[in-house]
file work00.txt (compact mmCIF, C-alpha atoms)
# COMPACT_ATOMS: atom_id res chain seq x y z
CA MET E 923 0.00 0.00 0.00
CA THR E 924 1.23 3.50 -0.72
CA ASN E 925 0.80 6.70 1.26
CA VAL E 926 -0.83 4.91 4.19
CA ASP E 927 -0.31 6.09 7.77
CA ARG E 928 0.24 2.66 9.26
CA GLU E 929 0.36 4.08 12.78
CA SER E 930 -3.07 5.71 12.68
CA PRO E 931 -5.68 3.99 14.90
CA ARG E 932 -7.86 3.34 11.85
CA ASN E 933 -5.16 1.51 9.93
CA ARG E 934 -3.80 -0.30 12.97
CA ALA E 935 -7.30 -1.67 13.56
CA MET E 936 -7.53 -2.85 9.96
CA ALA E 937 -4.21 -4.62 10.52
CA GLY E 938 -5.70 -6.43 13.48
CA ASP E 939 -4.44 -4.34 16.41
CA ASP E 940 -7.02 -4.93 19.14
CA THR E 941 -5.51 -2.25 21.38
CA VAL E 942 -7.10 0.53 19.36
CA LYS E 943 -10.59 -0.85 18.86
CA SER E 944 -12.00 1.52 21.45
CA ASP E 945 -10.32 4.59 19.96
CA ASN E 946 -12.71 7.18 18.58
CA ALA E 947 -10.40 7.56 15.59
CA LEU E 948 -11.84 4.26 14.32
CA ARG E 949 -14.89 6.30 13.43
CA GLY E 950 -12.83 7.99 10.74
CA PRO E 951 -14.37 9.82 7.81
CA ALA E 952 -16.50 7.91 5.37
CA VAL E 953 -14.87 6.84 2.12
CA GLN E 954 -14.74 9.85 -0.17
CA VAL E 955 -14.58 9.69 -3.94
CA ASP E 956 -11.82 11.75 -5.53
CA HIS E 957 -13.74 13.25 -8.44
CA SER E 958 -10.64 14.94 -9.82
CA LYS E 959 -9.27 11.51 -10.55
CA LYS E 960 -12.61 10.02 -11.65
CA ALA E 961 -12.67 7.58 -8.75
CA ILE E 962 -15.93 5.78 -9.30
CA ALA E 963 -15.08 2.31 -8.09
CA CYS E 964 -12.23 0.14 -6.95
CA GLY E 965 -10.27 -0.59 -10.09
CA GLN E 966 -8.33 -3.73 -10.91
CA THR E 967 -5.06 -1.85 -11.35
CA GLY E 968 -5.84 1.21 -9.24
CA GLU E 969 -4.05 2.30 -6.09
CA PHE E 970 -4.72 4.19 -2.89
CA ALA E 971 -4.92 7.94 -3.38
CA GLU E 972 -3.53 10.47 -0.92
CA ARG E 973 -5.78 9.07 1.81
CA ALA E 974 -5.78 5.41 2.67
CA ASP E 975 -9.54 5.18 2.29
CA CYS E 976 -9.81 6.79 -1.14
CA PHE E 977 -9.18 4.22 -3.83
CA VAL E 978 -8.88 5.36 -7.43
CA MET E 979 -10.26 3.36 -10.31
CA PRO E 980 -8.21 4.15 -13.41
CA ALA E 981 -9.85 5.25 -16.60
CA VAL E 982 -10.46 2.68 -19.29
CA ASP E 983 -9.38 3.97 -22.69
CA GLY E 984 -9.65 7.50 -21.35
CA LYS E 985 -13.24 7.04 -20.18
CA GLU E 986 -14.84 6.19 -16.90
CA ALA E 987 -15.66 2.51 -16.64
CA GLU E 988 -19.35 1.91 -17.26
CA THR E 989 -19.61 -1.54 -15.77
CA MET E 990 -18.36 -2.34 -12.30
CA ARG E 991 -17.07 -5.88 -11.97
CA VAL E 992 -17.69 -7.29 -8.51
CA LEU E 993 -16.54 -10.70 -7.28
CA VAL E 994 -18.58 -11.93 -4.30
CA LEU E 995 -17.20 -14.96 -2.49
CA GLY E 996 -19.92 -16.77 -0.58
CA ALA E 997 -23.69 -16.82 -1.08
CA GLY E 998 -24.92 -16.60 2.49
CA PHE E 999 -26.75 -13.67 4.08
CA GLY E 1000 -23.99 -11.23 3.19
CA GLY E 1001 -23.32 -12.36 -0.36
CA LEU E 1002 -27.00 -12.64 -1.25
CA GLU E 1003 -27.89 -9.23 0.15
CA LEU E 1004 -24.94 -7.53 -1.56
CA SER E 1005 -25.67 -9.12 -4.93
CA THR E 1006 -29.36 -8.25 -4.68
CA ARG E 1007 -28.73 -4.62 -3.76
CA LEU E 1008 -26.22 -4.11 -6.57
CA SER E 1009 -28.61 -5.67 -9.06
CA GLU E 1010 -31.56 -3.59 -7.87
CA GLU E 1011 -29.63 -0.33 -8.05
CA LEU E 1012 -27.28 -0.83 -10.99
CA GLY E 1013 -28.86 -3.54 -13.12
CA ASP E 1014 -26.75 -4.29 -16.17
CA ASP E 1015 -24.25 -1.59 -15.16
CA VAL E 1016 -22.80 -4.11 -12.73
CA ASP E 1017 -21.22 -7.47 -13.45
CA VAL E 1018 -21.47 -9.53 -10.28
CA VAL E 1019 -20.03 -13.03 -10.09
CA LEU E 1020 -21.35 -14.77 -6.98
CA ILE E 1021 -19.44 -17.94 -6.10
CA ASP E 1022 -20.43 -20.63 -3.62
CA LYS E 1023 -19.61 -24.32 -3.33
CA SER E 1024 -23.22 -25.23 -2.44
CA ASP E 1025 -26.22 -25.48 -4.72
CA GLY E 1026 -28.61 -23.84 -2.28
CA PHE E 1027 -29.05 -21.68 0.80
CA ILE E 1028 -30.50 -22.64 4.17
CA MET E 1029 -31.18 -20.10 6.91
CA GLY E 1030 -29.44 -20.99 10.14
CA PHE E 1031 -32.58 -21.21 12.25
CA SER E 1032 -34.05 -23.74 9.82
CA LYS E 1033 -31.50 -26.33 10.95
CA LEU E 1034 -33.20 -26.51 14.34
CA ASP E 1035 -36.52 -27.14 12.59
CA VAL E 1036 -34.91 -30.02 10.70
CA MET E 1037 -33.25 -31.33 13.85
CA PHE E 1038 -36.50 -31.53 15.80
CA GLY E 1039 -38.54 -32.97 12.94
CA ARG E 1040 -40.49 -29.80 12.18
CA ALA E 1041 -39.26 -29.55 8.61
CA SER E 1042 -37.50 -31.55 5.92
CA ALA E 1043 -34.31 -30.44 4.22
CA GLU E 1044 -36.17 -29.90 0.96
CA SER E 1045 -38.67 -27.58 2.65
CA VAL E 1046 -36.02 -25.21 4.01
CA LYS E 1047 -33.52 -25.14 1.13
CA HIS E 1048 -33.52 -22.31 -1.40
CA SER E 1049 -31.96 -23.30 -4.71
CA TYR E 1050 -29.41 -20.95 -6.20
CA ALA E 1051 -30.95 -21.86 -9.55
CA ASP E 1052 -33.76 -19.48 -8.54
CA LEU E 1053 -31.31 -16.60 -8.21
CA VAL E 1054 -31.96 -14.81 -11.51
CA LYS E 1055 -31.11 -11.11 -11.37
CA PRO E 1056 -29.86 -8.51 -13.86
CA GLY E 1057 -26.11 -8.19 -13.67
CA VAL E 1058 -25.64 -11.22 -11.39
CA ARG E 1059 -24.20 -14.59 -12.36
CA PHE E 1060 -24.07 -17.43 -9.87
CA VAL E 1061 -21.19 -19.89 -10.16
CA GLN E 1062 -21.19 -23.11 -8.17
CA GLY E 1063 -17.61 -24.00 -7.45
CA VAL E 1064 -15.00 -24.62 -4.80
CA ILE E 1065 -12.60 -21.71 -4.33
CA ARG E 1066 -9.04 -23.06 -4.41
CA SER E 1067 -7.09 -19.85 -3.83
CA ILE E 1068 -7.69 -16.14 -3.19
CA ASP E 1069 -5.31 -13.35 -4.21
CA PRO E 1070 -6.39 -10.12 -2.50
CA GLN E 1071 -3.65 -8.15 -4.27
CA THR E 1072 -5.16 -8.80 -7.69
CA ARG E 1073 -8.75 -9.33 -6.51
CA SER E 1074 -8.85 -12.73 -8.16
CA VAL E 1075 -9.62 -16.34 -7.29
CA GLU E 1076 -8.93 -19.75 -8.70
CA THR E 1077 -11.83 -22.19 -8.49
CA ASP E 1078 -12.65 -25.60 -9.86
CA ALA E 1079 -14.94 -23.67 -12.24
CA GLY E 1080 -12.11 -21.47 -13.52
CA HIS E 1081 -10.32 -18.19 -12.84
CA PHE E 1082 -12.22 -15.03 -11.88
CA ASP E 1083 -11.06 -11.48 -11.22
CA ALA E 1084 -12.80 -8.15 -10.76
CA ASP E 1085 -12.56 -4.48 -9.86
CA VAL E 1086 -13.95 -5.16 -6.40
CA MET E 1087 -13.82 -8.32 -4.33
CA VAL E 1088 -16.01 -9.00 -1.30
CA VAL E 1089 -15.19 -11.97 0.92
CA ALA E 1090 -18.34 -13.35 2.55
CA LEU E 1091 -17.35 -16.99 3.05
CA GLY E 1092 -18.49 -17.24 6.65
CA ALA E 1093 -16.94 -19.56 9.20
CA ASP E 1094 -16.23 -23.25 8.71
CA LEU E 1095 -17.10 -25.78 11.38
CA ASP E 1096 -14.47 -28.13 12.75
CA PRO E 1097 -16.01 -30.92 14.87
CA ALA E 1098 -12.73 -32.83 14.82
CA ALA E 1099 -11.06 -29.99 16.74
CA THR E 1100 -12.82 -31.29 19.87
CA PRO E 1101 -11.55 -34.81 20.59
CA GLY E 1102 -14.38 -37.30 20.84
CA LEU E 1103 -17.10 -35.06 19.40
CA VAL E 1104 -17.25 -36.90 16.09
CA GLU E 1105 -17.21 -40.33 17.78
CA ALA E 1106 -19.53 -39.71 20.73
CA GLY E 1107 -21.52 -36.54 20.02
CA ARG E 1108 -23.66 -34.87 17.40
CA GLU E 1109 -22.98 -31.36 16.16
CA PHE E 1110 -26.12 -29.60 14.93
CA TYR E 1111 -24.75 -26.51 13.19
CA THR E 1112 -24.50 -28.08 9.73
CA LEU E 1113 -27.39 -29.55 7.77
CA ALA E 1114 -25.75 -32.99 7.85
CA GLY E 1115 -25.25 -32.61 11.58
CA ALA E 1116 -28.87 -31.56 12.08
CA PHE E 1117 -29.96 -34.68 10.16
CA ALA E 1118 -27.77 -36.92 12.33
CA ALA E 1119 -29.05 -35.25 15.49
CA ARG E 1120 -32.63 -35.68 14.27
CA ASP E 1121 -32.10 -39.41 13.85
CA GLU E 1122 -30.39 -39.64 17.22
CA LEU E 1123 -33.26 -37.82 18.92
CA ALA E 1124 -35.82 -40.01 17.17
CA ALA E 1125 -34.15 -43.12 18.62
CA PHE E 1126 -33.56 -41.60 22.06
CA THR E 1127 -35.41 -43.36 24.88
CA GLY E 1128 -34.45 -41.04 27.72
CA GLY E 1129 -31.36 -40.20 29.72
CA ARG E 1130 -28.87 -37.40 30.18
CA VAL E 1131 -28.74 -34.80 27.41
CA ILE E 1132 -26.01 -32.17 27.19
CA VAL E 1133 -26.14 -29.21 24.83
CA GLY E 1134 -22.54 -28.04 24.85
CA VAL E 1135 -20.41 -25.33 23.26
CA THR E 1136 -16.82 -26.32 22.52
CA SER E 1137 -15.19 -22.94 21.77
CA THR E 1138 -15.69 -19.27 21.03
CA PRO E 1139 -16.61 -17.47 18.89
CA PHE E 1140 -19.62 -19.36 17.56
CA LYS E 1141 -22.49 -18.50 15.26
CA CYS E 1142 -25.84 -17.30 16.59
CA PRO E 1143 -25.21 -17.09 20.35
CA PRO E 1144 -28.87 -17.87 21.28
CA ALA E 1145 -28.87 -21.17 19.32
CA PRO E 1146 -27.58 -23.42 22.15
CA SER E 1147 -30.27 -22.05 24.47
CA GLU E 1148 -32.88 -22.64 21.79
CA ALA E 1149 -31.66 -26.21 21.33
CA ALA E 1150 -31.97 -26.91 25.05
CA LEU E 1151 -35.51 -25.52 25.25
CA MET E 1152 -36.60 -27.32 22.08
CA THR E 1153 -35.10 -30.56 23.41
CA HIS E 1154 -37.32 -30.14 26.47
CA ASP E 1155 -40.43 -29.78 24.31
CA PHE E 1156 -39.38 -32.71 22.14
CA LEU E 1157 -38.99 -35.01 25.14
CA VAL E 1158 -42.24 -33.82 26.72
CA GLU E 1159 -44.14 -34.61 23.53
CA ARG E 1160 -42.75 -38.14 23.59
CA GLY E 1161 -43.36 -38.76 27.26
CA LEU E 1162 -39.62 -38.98 27.96
CA ARG E 1163 -38.99 -35.80 29.94
CA ASP E 1164 -39.56 -37.38 33.38
CA LYS E 1165 -36.74 -39.83 32.83
CA SER E 1166 -34.36 -37.37 31.20
CA GLU E 1167 -31.99 -34.62 32.30
CA ILE E 1168 -30.99 -31.63 30.18
CA SER E 1169 -27.87 -29.53 30.76
CA LEU E 1170 -26.68 -26.49 28.83
CA VAL E 1171 -22.92 -25.92 28.93
CA MET E 1172 -21.66 -22.59 27.58
CA PRO E 1173 -18.41 -20.59 27.79
CA LEU E 1174 -20.41 -17.38 28.34
CA GLY E 1175 -21.51 -15.92 31.63
CA SER E 1176 -25.10 -15.53 30.46
CA PRO E 1177 -27.10 -17.04 27.59
CA VAL E 1178 -27.10 -13.82 25.52
CA PRO E 1179 -24.53 -11.45 27.08
CA PRO E 1180 -25.38 -8.38 24.95
CA SER E 1181 -29.02 -8.53 26.15
CA PRO E 1182 -29.47 -8.86 29.93
CA ALA E 1183 -33.24 -8.90 29.49
CA ALA E 1184 -33.11 -11.80 27.02
CA SER E 1185 -30.68 -13.66 29.28
CA GLU E 1186 -32.94 -13.17 32.28
CA ALA E 1187 -35.92 -14.52 30.33
CA LEU E 1188 -33.94 -17.54 29.16
CA LEU E 1189 -32.64 -18.31 32.65
CA ALA E 1190 -36.21 -18.19 33.93
CA ALA E 1191 -37.25 -20.57 31.15
CA PHE E 1192 -34.43 -22.97 32.09
CA ALA E 1193 -35.46 -22.93 35.75
CA GLU E 1194 -39.11 -23.49 34.88
CA ARG E 1195 -38.19 -26.54 32.81
CA ASP E 1196 -35.53 -27.91 35.14
CA ILE E 1197 -32.72 -27.40 32.61
CA SER E 1198 -29.32 -27.24 34.29
CA TRP E 1199 -27.38 -24.11 33.33
CA CYS E 1200 -23.56 -24.34 33.34
CA PRO E 1201 -22.08 -20.89 32.55
CA ASN E 1202 -18.43 -20.04 31.93
CA CYS E 1203 -17.69 -23.64 30.97
CA VAL E 1204 -16.01 -24.97 27.84
CA VAL E 1205 -16.24 -28.59 26.73
CA ARG E 1206 -12.63 -29.64 26.16
CA HIS E 1207 -13.24 -33.18 24.93
CA LEU E 1208 -15.62 -36.14 25.03
CA ASP E 1209 -14.63 -39.58 26.26
CA PRO E 1210 -16.46 -42.03 23.96
CA GLU E 1211 -15.78 -45.05 26.17
CA ARG E 1212 -17.00 -43.56 29.43
CA MET E 1213 -19.55 -41.22 27.76
CA VAL E 1214 -18.49 -38.17 29.71
CA ALA E 1215 -17.84 -34.60 28.66
CA VAL E 1216 -14.61 -33.24 30.14
CA LEU E 1217 -14.68 -29.51 30.80
CA ALA E 1218 -11.74 -27.12 30.69
CA ASP E 1219 -11.58 -27.16 34.50
CA ASP E 1220 -11.39 -30.98 34.42
CA ARG E 1221 -14.91 -31.52 35.71
CA GLU E 1222 -16.74 -34.38 34.05
CA LEU E 1223 -20.39 -34.52 33.02
CA PRO E 1224 -21.88 -37.91 32.03
CA PHE E 1225 -24.22 -38.00 29.04
CA ASP E 1226 -26.31 -40.31 26.91
CA LEU E 1227 -26.79 -37.75 24.14
CA PHE E 1228 -24.41 -34.87 23.44
CA LEU E 1229 -25.57 -32.11 21.09
CA GLY E 1230 -22.55 -29.96 20.38
CA VAL E 1231 -21.64 -26.61 18.90
CA PRO E 1232 -18.34 -27.34 17.13
CA ALA E 1233 -15.28 -25.15 16.90
CA HIS E 1234 -15.48 -22.40 14.27
CA ARG E 1235 -12.59 -21.60 11.95
CA VAL E 1236 -11.99 -19.25 9.09
CA PRO E 1237 -12.19 -21.23 5.83
CA GLN E 1238 -8.79 -22.69 4.98
CA VAL E 1239 -8.66 -20.92 1.62
CA VAL E 1240 -9.07 -17.59 3.45
CA ALA E 1241 -6.39 -18.49 5.98
CA GLU E 1242 -4.00 -19.27 3.12
CA SER E 1243 -4.75 -15.95 1.40
CA GLY E 1244 -2.77 -13.94 3.93
CA MET E 1245 -5.75 -11.75 4.79
CA CYS E 1246 -6.20 -12.97 8.37
CA VAL E 1247 -4.85 -11.69 11.66
CA ASP E 1248 -5.45 -13.87 14.73
CA GLY E 1249 -7.65 -16.20 12.74
CA TRP E 1250 -10.09 -13.78 11.08
CA ILE E 1251 -10.07 -10.96 8.53
CA PRO E 1252 -9.65 -7.52 10.13
CA VAL E 1253 -11.76 -4.78 8.57
CA ASP E 1254 -12.50 -1.13 9.10
CA PRO E 1255 -15.43 -1.41 11.56
CA LEU E 1256 -17.40 1.29 9.77
CA THR E 1257 -16.79 0.58 6.08
CA LEU E 1258 -15.87 -3.14 6.09
CA GLU E 1259 -12.79 -2.40 3.96
CA THR E 1260 -9.80 -4.67 4.39
CA ARG E 1261 -6.22 -3.45 4.17
CA TYR E 1262 -6.18 -4.48 0.50
CA PRO E 1263 -7.40 -1.86 -2.02
CA GLY E 1264 -10.77 -2.78 -3.50
CA VAL E 1265 -11.31 -5.70 -1.13
CA TYR E 1266 -14.06 -5.85 1.48
CA ALA E 1267 -15.09 -8.57 3.90
CA VAL E 1268 -18.43 -9.06 5.64
CA GLY E 1269 -19.99 -11.47 8.09
CA ASP E 1270 -18.60 -14.35 10.08
CA VAL E 1271 -15.25 -14.37 8.27
CA THR E 1272 -14.32 -11.02 9.86
CA SER E 1273 -13.24 -9.84 13.30
CA VAL E 1274 -15.48 -6.76 13.08
CA GLY E 1275 -16.64 -7.21 16.68
CA THR E 1276 -20.30 -8.19 16.33
CA PRO E 1277 -21.82 -11.65 16.82
CA LYS E 1278 -21.45 -14.15 14.03
CA ALA E 1279 -25.02 -14.22 12.78
CA GLY E 1280 -26.78 -13.75 9.45
CA ALA E 1281 -28.60 -10.57 10.41
CA PHE E 1282 -25.30 -8.81 11.12
CA SER E 1283 -23.79 -10.09 7.85
CA GLU E 1284 -26.78 -8.82 5.91
CA ARG E 1285 -26.54 -5.35 7.43
CA GLN E 1286 -22.80 -5.16 6.74
CA ALA E 1287 -23.43 -6.13 3.12
CA GLY E 1288 -25.92 -3.27 2.84
CA VAL E 1289 -23.21 -0.80 3.84
CA VAL E 1290 -20.78 -2.20 1.27
CA ALA E 1291 -23.51 -2.06 -1.38
CA ASP E 1292 -24.28 1.59 -0.60
CA ARG E 1293 -20.63 2.54 -0.89
CA LEU E 1294 -20.04 0.65 -4.13
CA ILE E 1295 -23.18 2.11 -5.71
CA ALA E 1296 -22.05 5.61 -4.75
CA GLN E 1297 -18.58 5.00 -6.11
CA HIS E 1298 -19.95 3.75 -9.39
CA ARG E 1299 -22.18 6.82 -9.72
CA ALA E 1300 -19.25 9.14 -8.85
CA THR E 1301 -21.01 10.38 -5.74
CA THR E 1302 -20.15 10.17 -2.06
CA SER E 1303 -21.64 7.80 0.48
CA GLU E 1304 -21.94 8.37 4.20
CA ALA E 1305 -23.02 4.76 4.78
CA GLU E 1306 -21.31 3.27 7.82
CA TYR E 1307 -21.92 0.04 9.66
CA ASP E 1308 -23.82 0.70 12.89
CA GLY E 1309 -23.30 -2.72 14.47
CA THR E 1310 -27.01 -3.50 14.73
CA GLY E 1311 -28.66 -6.88 14.31
CA VAL E 1312 -31.95 -8.61 15.12
CA CYS E 1313 -32.31 -12.19 16.28
CA TYR E 1314 -35.42 -14.28 16.94
CA VAL E 1315 -35.13 -16.67 19.87
CA GLU E 1316 -37.14 -19.88 20.28
CA PHE E 1317 -38.40 -20.22 23.86
CA GLY E 1318 -40.37 -23.42 23.32
CA GLY E 1319 -44.09 -23.79 23.71
CA ASP E 1320 -44.55 -22.10 20.32
CA ARG E 1321 -43.29 -18.80 21.77
CA ILE E 1322 -40.57 -16.67 20.22
CA GLY E 1323 -38.70 -13.67 21.58
CA ARG E 1324 -36.85 -11.01 19.64
CA VAL E 1325 -33.52 -9.36 20.47
CA GLU E 1326 -32.14 -6.25 18.76
CA VAL E 1327 -28.62 -5.32 19.76
CA THR E 1328 -26.19 -2.63 18.64
CA PHE E 1329 -22.42 -2.99 19.02
CA ARG E 1330 -20.22 0.09 18.80
CA SER E 1331 -16.49 0.11 19.20
CA GLY E 1332 -15.43 1.19 22.68
CA GLU E 1333 -18.97 1.11 24.08
CA PRO E 1334 -21.02 -1.57 25.83
CA PRO E 1335 -23.69 -3.10 23.58
CA THR E 1336 -27.19 -1.70 23.84
CA GLY E 1337 -30.46 -3.20 22.73
CA THR E 1338 -34.06 -4.13 23.24
CA PHE E 1339 -35.85 -7.38 23.99
CA ASP E 1340 -39.40 -8.29 23.04
CA GLU E 1341 -40.86 -10.84 25.45
CA PRO E 1342 -41.58 -14.27 23.94
CA SER E 1343 -45.01 -14.64 22.41
CA GLN E 1344 -46.83 -16.67 19.81
CA GLN E 1345 -47.40 -13.48 17.80
CA LEU E 1346 -43.67 -13.20 17.11
CA GLN E 1347 -43.88 -16.48 15.20
CA VAL E 1348 -45.45 -14.45 12.41
CA ALA E 1349 -42.63 -11.91 12.52
CA LYS E 1350 -40.00 -14.65 12.34
CA ALA E 1351 -41.80 -16.32 9.43
CA ASP E 1352 -41.99 -12.96 7.65
CA PHE E 1353 -38.27 -12.44 8.22
CA GLY E 1354 -37.51 -15.63 6.29
CA ALA E 1355 -40.19 -15.15 3.63
CA SER E 1356 -39.17 -11.57 2.86
CA ARG E 1357 -35.62 -12.64 2.17
CA ALA E 1358 -36.76 -15.54 0.03
CA ARG E 1359 -38.71 -13.07 -2.09
CA ARG E 1360 -35.89 -10.53 -2.37
CA TRP E 1361 -33.07 -12.95 -2.97
CA PHE E 1362 -34.75 -15.77 -4.87
CA GLY E 1363 -38.04 -14.33 -6.12
CA THR E 1364 -39.97 -17.07 -4.33
CA GLU E 1365 -42.24 -17.27 -1.28
CA GLY E 1366 -40.27 -20.23 -0.02
CA PRO E 1367 -38.12 -23.17 -1.06
CA HIS E 1368 -39.20 -25.42 -3.87
CA HIS E 1369 -40.45 -28.78 -2.64
call {"tool": "encode", "arguments": {"input": "work00.txt", "output": "structure tokens"}}
result
Amino acid sequence: MTNVDRESPRNRAMAGDDTVKSDNALRGPAVQVDHSKKAIACGQTGEFAERADCFVMPAVDGKEAETMRVLVLGAGFGGLELSTRLSEELGDDVDVVLIDKSDGFIMGFSKLDVMFGRASAESVKHSYADLVKPGVRFVQGVIRSIDPQTRSVETDAGHFDADVMVVALGADLDPAATPGLVEAGREFYTLAGAFAARDELAAFTGGRVIVGVTSTPFKCPPAPSEAALMTHDFLVERGLRDKSEISLVMPLGSPVPPSPAASEALLAAFAERDISWCPNCVVRHLDPERMVAVLADDRELPFDLFLGVPAHRVPQVVAESGMCVDGWIPVDPLTLETRYPGVYAVGDVTSVGTPKAGAFSERQAGVVADRLIAQHRATTSEAEYDGTGVCYVEFGGDRIGRVEVTFRSGEPPTGTFDEPSQQLQVAKADFGASRARRWFGTEGPHH
């Protein structure tokens, strides 16, 4: 990078320096477009201008480029929202290549529905074949390498490069990182894991159930609590609750730390249902022979069924790209820019400082979209990420709560909590349906 003040708090944060995350300088000025140099987008051979956050797209044959080429890696909440926004605003003036190794998208909360027999995989999966939008091309392929310097990737579907690259590949799950989890437990964060857990639950005849988290960070912090409460309902429906025990083991001090009100409501729900709550505990490994979970403090908890949240890792291809610091991609917390010109990152793959959840990824993608649209139109954008996200929380008994939390650098999180009710089922259903319409043009998955 040229002409970059590497010692400024803003750039130290983008390089992964946690000591400056609370510095007000991280709220630096929004990206400005240098009109004198016709900076309308991040160009393939451009460079940083006099300021580190002003990237110049060179002219093409003496003219401003008319089509912005954007490479989006990952078709989850972030990638889908970004591609949709760019298509809606720019149409054929944008050339988006959206790459994902899967053939369809499943919302995270749908895995719990599959796990507890409320839905089939086919009923919750949205096919990427339905993603037909002006200016957007979906490519199913495995990404083999990422070069942030040239904004290019090698995939098993070929080579791709662009003016702008956005990394939205999420976090990979690593059950094998916890000894014994694969042999003696069932992770439920992947679709395959949810299927296996569903079969295990269907054959369960009663006993000791542990819902356990094996490391931090992990996606959707309320999910383990939801799994414990839904396990209770599942066993009650089958007449097995009286001869079963349920324990929730988490490395956090409360079920949803950013929302004391939500945590209080969940703790009350646990007490009402006789679910044992084990805070500030990490499952270190499982002993398949003795069927015990060994905690980090060497305590042992016996189990008959272990439902685990596996370790999360940055995808290996991202780790090998050189973009990561301390395991994740550092970004400007307001603009989601990485330290590489023309390269952004959103969602779980980053260390932006908000929970790893789809709602946060989606909101980050909206900020990136606003800034790219403004750059393409040779205007300025004041769009900055505000750290806000909404999460629906299953409380069992057909009741759902809603948490909205805002994370700002250097400040404690703030938020609101809507008490669990059956009415919020409609809001949660609308949340999923509205995204199915926007992203796939359907009311729901094809059966």
call {"tool": "residues_around", "arguments": {"input": "work00.txt", "residues": "Pro1097 in chain E", "least_positions_apart": "5", "cutoff": "9 Å", "atoms": "all atoms listed in the file", "output": "list of chain:residue names"}}
result
E:Gly1102, E:Leu1103, E:Val1104, E:Arg1108, E:Glu1109, E:Thr1136, E:Gly1230, E:Val1231, E:Pro1232, E:Ala1233, E:His1234
call {"tool": "closest_residue", "arguments": {"input": "work00.txt", "among": "E:Asp1017, E:Asp1320, E:Asp1035, E:Asp1022", "to": "Asp1155 in chain E", "atoms": "all atoms listed in the file"}}
result
E:Asp1320
call {"tool": "closest_residue", "arguments": {"input": "work00.txt", "among": "E:Ala1116, E:Val1019, E:Leu1294, E:Val1086", "to": "Ala1041 in chain E", "atoms": "all atoms listed in the file"}}
result
E:Ala1116
call {"tool": "residues_around", "arguments": {"input": "work00.txt", "residues": "range 1261-1269 of chain E", "least_positions_apart": "3", "cutoff": "6 Å", "atoms": "all atoms listed in the file", "output": "list in words"}}
result
Met936, Cys964, Val1086, Met1087, Val1088, Val1089, Ala1090, Leu1258, Thr1272, Ser1283 and Gln1286 of chain E
call {"tool": "residues_near_point", "arguments": {"input": "work00.txt", "point": "(-15.9, -2.9, 10.6)", "cutoff": "8 Å", "atoms": "only C-alpha atoms", "output": "MDAnalysis selection string"}}
result
chainID E and resid 1252:1259 1273:1275 1307
call {"tool": "residues_around", "arguments": {"input": "work00.txt", "residues": "range 1327-1329 of chain E", "least_positions_apart": "2", "cutoff": "12 Å", "atoms": "only C-alpha atoms", "output": "PyMOL selection string"}}
result
chain E and resi 944+1178-1184+1255-1256+1274-1277+1279+1281-1282+1285+1307-1314+1324-1325+1331-1340
call {"tool": "axis_aligned_box", "arguments": {"input": "work00.txt", "around": "range 1338-1344 of chain E", "padding_each_side": "8 Å", "output": "AutoDock Vina command-line options"}}
result
--center_x -40.4 --center_y -10.4 --center_z 22.6 --size_x 28.8 --size_y 28.5 --size_z 21.6
call {"tool": "atom_distance", "arguments": {"input": "work00.txt", "atom1": "CA of Leu1157 in chain E", "atom2": "CA of Glu1211 in chain E"}}
result
25.3 Å
